[in-house]
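What follows is a short report on a single structure.
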Amino acid sequence: MNPEIIEKIKQDLLAKKSQLTKELADFTDLDEHGKNNRVAQMPDYGSESDENAQEVEQYTTNLAADKVLEKTLNDINQALKSIDDGDYGKCKYCGNEIEEKRLLIRPFSSSCVACKTKLQNGN
Ligand SMILES: [Zn+2]
């Protein structure tokens with residue numbers, strides 16, 4: 001792959017990473033028991049039962065969002081690591097190069113379209 005494109009992708013990944021980290025900080029706290037993990041916050045709207053219900057609802061939303069964001073962050077970190085290792089853009093299943101077009105749209109893809117399609121059909 002063209003080193004200039006990889007450099008551009010790396011900048012995109014770093015920007016996305018800091019954006020996601022900021023978003024996470026809005027509704028999660030650092031998990032003191034885990035490493036580099038965050039836990040969703042339990043909001044405090046009040047002690048009435050409808051307020052408690054809202055808290056639980058918001059907490060559930062936070063939990064789901066936390067999961068998605070952390071997974072994406074993880075993918076981004078993997079992609080950044082593979083850039084540093086010099087093996088960025090290879091499919092983790094077949095080892096072939098991932099289509100450049102795909103990487104530009106979704107720079108933290110770790111599998112090629114063919115493998116991804118196969119996996120989705122298999123499930
Ligand atoms: Zn593949």
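Identifiers in this document derive from the order of the structure tokens: chains are assigned A, B, ..., residues are numbered from 1 separately in each chain, and ligands are numbered from 1 in order of occurrence.
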
As a VMD selection string, please: every residue in chain A that DSSP puts in strand (DSSP E or B). chain A and resid 28 to 30 38 to 40 90 97

Take the residues from that selection and put them in a file with N, CA and C atoms, as a JSON list (two decimals), in the first residue's frame.
```json
[["chain", "number", "residue", "atom", "x", "y", "z"],
["A", 28, "THR", "N", -18.95, 7.66, 30.91],
["A", 28, "THR", "CA", -18.33, 6.51, 31.58],
["A", 28, "THR", "C", -17.27, 6.98, 32.57],
["A", 29, "ASP", "N", -16.96, 6.11, 33.50],
["A", 29, "ASP", "CA", -15.86, 6.34, 34.42],
["A", 29, "ASP", "C", -14.81, 5.28, 34.18],
["A", 30, "LEU", "N", -13.57, 5.59, 34.56],
["A", 30, "LEU", "CA", -12.55, 4.57, 34.48],
["A", 30, "LEU", "C", -12.88, 3.44, 35.44],
["A", 38, "ARG", "N", -13.48, 1.21, 30.69],
["A", 38, "ARG", "CA", -14.36, 2.21, 31.26],
["A", 38, "ARG", "C", -15.69, 1.56, 31.58],
["A", 39, "VAL", "N", -16.36, 2.09, 32.58],
["A", 39, "VAL", "CA", -17.69, 1.57, 32.91],
["A", 39, "VAL", "C", -18.70, 2.68, 32.76],
["A", 40, "ALA", "N", -19.89, 2.30, 32.31],
["A", 40, "ALA", "CA", -20.95, 3.28, 32.12],
["A", 40, "ALA", "C", -21.36, 3.87, 33.47],
["A", 90, "LYS", "N", -3.80, -5.95, 6.04],
["A", 90, "LYS", "CA", -3.91, -7.37, 5.68],
["A", 90, "LYS", "C", -5.11, -7.98, 6.38],
["A", 97, "GLU", "N", -4.32, -8.63, 1.01],
["A", 97, "GLU", "CA", -4.49, -7.20, 1.29],
["A", 97, "GLU", "C", -5.96, -6.81, 1.22]]
```

So which bits of chain A end up alpha helix (DSSP H) when you DSSP the backbone, as a ChimeraX atom specification? /A:3-27,49-85,100-105,113-122

Go ahead and write the selection's residues with C-alpha atoms as a PDB file, in the first residue's frame.
```pdb
ATOM      1  CA  PRO A   3       2.785   4.954   2.406  1.00  0.00           C
ATOM      2  CA  GLU A   4       1.092   8.318   1.914  1.00  0.00           C
ATOM      3  CA  ILE A   5      -2.310   6.689   2.120  1.00  0.00           C
ATOM      4  CA  ILE A   6      -1.291   4.762   5.219  1.00  0.00           C
ATOM      5  CA  GLU A   7      -0.100   8.007   6.811  1.00  0.00           C
ATOM      6  CA  LYS A   8      -3.413   9.662   5.976  1.00  0.00           C
ATOM      7  CA  ILE A   9      -5.312   6.707   7.444  1.00  0.00           C
ATOM      8  CA  LYS A  10      -3.152   6.865  10.561  1.00  0.00           C
ATOM      9  CA  GLN A  11      -4.049  10.541  11.072  1.00  0.00           C
ATOM     10  CA  ASP A  12      -7.722   9.683  10.591  1.00  0.00           C
ATOM     11  CA  LEU A  13      -7.473   6.894  13.140  1.00  0.00           C
ATOM     12  CA  LEU A  14      -5.744   9.114  15.684  1.00  0.00           C
ATOM     13  CA  ALA A  15      -8.391  11.820  15.236  1.00  0.00           C
ATOM     14  CA  LYS A  16     -11.184   9.283  15.561  1.00  0.00           C
ATOM     15  CA  LYS A  17      -9.519   7.807  18.627  1.00  0.00           C
ATOM     16  CA  SER A  18      -9.346  11.112  20.501  1.00  0.00           C
ATOM     17  CA  GLN A  19     -12.931  11.893  19.514  1.00  0.00           C
ATOM     18  CA  LEU A  20     -14.186   8.540  20.820  1.00  0.00           C
ATOM     19  CA  THR A  21     -12.159   8.860  23.993  1.00  0.00           C
ATOM     20  CA  LYS A  22     -13.784  12.222  24.621  1.00  0.00           C
ATOM     21  CA  GLU A  23     -17.267  10.806  23.946  1.00  0.00           C
ATOM     22  CA  LEU A  24     -16.627   7.931  26.324  1.00  0.00           C
ATOM     23  CA  ALA A  25     -15.525  10.276  29.075  1.00  0.00           C
ATOM     24  CA  ASP A  26     -18.938  11.950  28.940  1.00  0.00           C
ATOM     25  CA  PHE A  27     -20.853   8.989  30.244  1.00  0.00           C
ATOM     26  CA  SER A  49     -39.658   5.876  41.199  1.00  0.00           C
ATOM     27  CA  ASP A  50     -40.120   7.401  37.734  1.00  0.00           C
ATOM     28  CA  GLU A  51     -36.742   9.071  38.138  1.00  0.00           C
ATOM     29  CA  ASN A  52     -35.222   5.771  39.108  1.00  0.00           C
ATOM     30  CA  ALA A  53     -36.774   4.178  36.031  1.00  0.00           C
ATOM     31  CA  GLN A  54     -35.237   6.904  33.879  1.00  0.00           C
ATOM     32  CA  GLU A  55     -31.871   6.329  35.503  1.00  0.00           C
ATOM     33  CA  VAL A  56     -32.003   2.640  34.682  1.00  0.00           C
ATOM     34  CA  GLU A  57     -33.073   3.399  31.133  1.00  0.00           C
ATOM     35  CA  GLN A  58     -30.247   5.877  30.641  1.00  0.00           C
ATOM     36  CA  TYR A  59     -27.800   3.487  32.252  1.00  0.00           C
ATOM     37  CA  THR A  60     -28.838   0.744  29.820  1.00  0.00           C
ATOM     38  CA  THR A  61     -28.303   3.153  26.927  1.00  0.00           C
ATOM     39  CA  ASN A  62     -24.916   4.130  28.349  1.00  0.00           C
ATOM     40  CA  LEU A  63     -23.927   0.487  28.719  1.00  0.00           C
ATOM     41  CA  ALA A  64     -24.767  -0.292  25.105  1.00  0.00           C
ATOM     42  CA  ALA A  65     -23.012   2.821  23.813  1.00  0.00           C
ATOM     43  CA  ASP A  66     -19.998   2.080  25.996  1.00  0.00           C
ATOM     44  CA  LYS A  67     -19.731  -1.394  24.496  1.00  0.00           C
ATOM     45  CA  VAL A  68     -19.865  -0.134  20.917  1.00  0.00           C
ATOM     46  CA  LEU A  69     -17.423   2.724  21.511  1.00  0.00           C
ATOM     47  CA  GLU A  70     -14.945   0.530  23.364  1.00  0.00           C
ATOM     48  CA  LYS A  71     -15.049  -2.069  20.627  1.00  0.00           C
ATOM     49  CA  THR A  72     -14.410   0.586  17.992  1.00  0.00           C
ATOM     50  CA  LEU A  73     -11.588   2.037  20.089  1.00  0.00           C
ATOM     51  CA  ASN A  74     -10.123  -1.422  20.364  1.00  0.00           C
ATOM     52  CA  ASP A  75     -10.302  -1.872  16.580  1.00  0.00           C
ATOM     53  CA  ILE A  76      -8.639   1.506  16.123  1.00  0.00           C
ATOM     54  CA  ASN A  77      -5.837   0.593  18.512  1.00  0.00           C
ATOM     55  CA  GLN A  78      -5.309  -2.686  16.655  1.00  0.00           C
ATOM     56  CA  ALA A  79      -5.149  -0.826  13.348  1.00  0.00           C
ATOM     57  CA  LEU A  80      -2.658   1.704  14.754  1.00  0.00           C
ATOM     58  CA  LYS A  81      -0.549  -1.117  16.105  1.00  0.00           C
ATOM     59  CA  SER A  82      -0.498  -2.905  12.751  1.00  0.00           C
ATOM     60  CA  ILE A  83       0.539   0.351  11.058  1.00  0.00           C
ATOM     61  CA  ASP A  84       3.476   0.541  13.464  1.00  0.00           C
ATOM     62  CA  ASP A  85       4.256  -3.120  12.859  1.00  0.00           C
ATOM     63  CA  GLU A 100      -7.850   0.196  -0.365  1.00  0.00           C
ATOM     64  CA  LYS A 101     -11.317   1.582  -1.052  1.00  0.00           C
ATOM     65  CA  ARG A 102     -12.659  -0.340   1.929  1.00  0.00           C
ATOM     66  CA  LEU A 103      -9.880   0.886   4.213  1.00  0.00           C
ATOM     67  CA  LEU A 104     -10.495   4.486   3.246  1.00  0.00           C
ATOM     68  CA  ILE A 105     -14.139   4.162   4.224  1.00  0.00           C
ATOM     69  CA  VAL A 113     -14.802  -7.982   1.831  1.00  0.00           C
ATOM     70  CA  ALA A 114     -14.714 -11.605   0.673  1.00  0.00           C
ATOM     71  CA  CYS A 115     -14.020 -12.966   4.183  1.00  0.00           C
ATOM     72  CA  LYS A 116     -16.474 -10.590   5.787  1.00  0.00           C
ATOM     73  CA  THR A 117     -19.200 -11.698   3.384  1.00  0.00           C
ATOM     74  CA  LYS A 118     -18.376 -15.334   4.016  1.00  0.00           C
ATOM     75  CA  LEU A 119     -18.547 -14.797   7.789  1.00  0.00           C
ATOM     76  CA  GLN A 120     -21.862 -12.950   7.610  1.00  0.00           C
ATOM     77  CA  ASN A 121     -23.414 -15.656   5.471  1.00  0.00           C
ATOM     78  CA  GLY A 122     -22.061 -18.330   7.772  1.00  0.00           C
TER      79      GLY A 122
END
```

Can you pull out every residue with an atom within 6 Å of ligand 1? Use only C-alpha atoms and all ligand atoms and format it as a VMD selection string. chain A and resid 91 93 to 94 96 111 to 112 114 to 115

Write the residues you've just listed into a file as a PDB file, in the first residue's frame, and include N, CA and C atoms for each of them.
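Saved the output as selection.pdb:
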```pdb
ATOM      1  N   CYS A  91      -5.817  -8.809   5.649  1.00  0.00           N
ATOM      2  CA  CYS A  91      -6.982  -9.486   6.201  1.00  0.00           C
ATOM      3  C   CYS A  91      -6.541 -10.499   7.247  1.00  0.00           C
ATOM      4  N   TYR A  93      -8.062 -13.005   8.249  1.00  0.00           N
ATOM      5  CA  TYR A  93      -8.500 -14.376   7.963  1.00  0.00           C
ATOM      6  C   TYR A  93      -7.702 -15.022   6.840  1.00  0.00           C
ATOM      7  N   CYS A  94      -7.565 -14.313   5.708  1.00  0.00           N
ATOM      8  CA  CYS A  94      -6.908 -14.947   4.566  1.00  0.00           C
ATOM      9  C   CYS A  94      -5.512 -14.389   4.312  1.00  0.00           C
ATOM     10  N   ASN A  96      -4.656 -11.817   2.728  1.00  0.00           N
ATOM     11  CA  ASN A  96      -4.565 -10.969   1.537  1.00  0.00           C
ATOM     12  C   ASN A  96      -4.731  -9.508   1.928  1.00  0.00           C
ATOM     13  N   SER A 111     -10.675  -7.280   8.098  1.00  0.00           N
ATOM     14  CA  SER A 111     -10.865  -8.385   7.168  1.00  0.00           C
ATOM     15  C   SER A 111     -11.295  -7.850   5.811  1.00  0.00           C
ATOM     16  N   CYS A 112     -11.001  -8.624   4.749  1.00  0.00           N
ATOM     17  CA  CYS A 112     -11.371  -8.193   3.409  1.00  0.00           C
ATOM     18  C   CYS A 112     -12.860  -8.437   3.181  1.00  0.00           C
ATOM     19  N   ALA A 114     -14.384 -10.201   0.943  1.00  0.00           N
ATOM     20  CA  ALA A 114     -14.714 -11.605   0.673  1.00  0.00           C
ATOM     21  C   ALA A 114     -14.880 -12.391   1.973  1.00  0.00           C
ATOM     22  N   CYS A 115     -13.944 -12.232   2.916  1.00  0.00           N
ATOM     23  CA  CYS A 115     -14.020 -12.966   4.183  1.00  0.00           C
ATOM     24  C   CYS A 115     -15.187 -12.466   5.025  1.00  0.00           C
TER      25      CYS A 115
END
```

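Reported to one decimal place, the separation of CA of Ser110 (chain A) from CA of Asn37 (chain A) is 21.7 Å.
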
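Closest approach to Gly89 (chain A) from the set A:Asp31, A:Glu48, A:Phe108, A:Pro43 is made by A:Phe108, with distances taken over only C-alpha atoms.
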
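Pairwise distance (CA of Ser47 (chain A), CA of His33 (chain A)) equals 27.8 Å.
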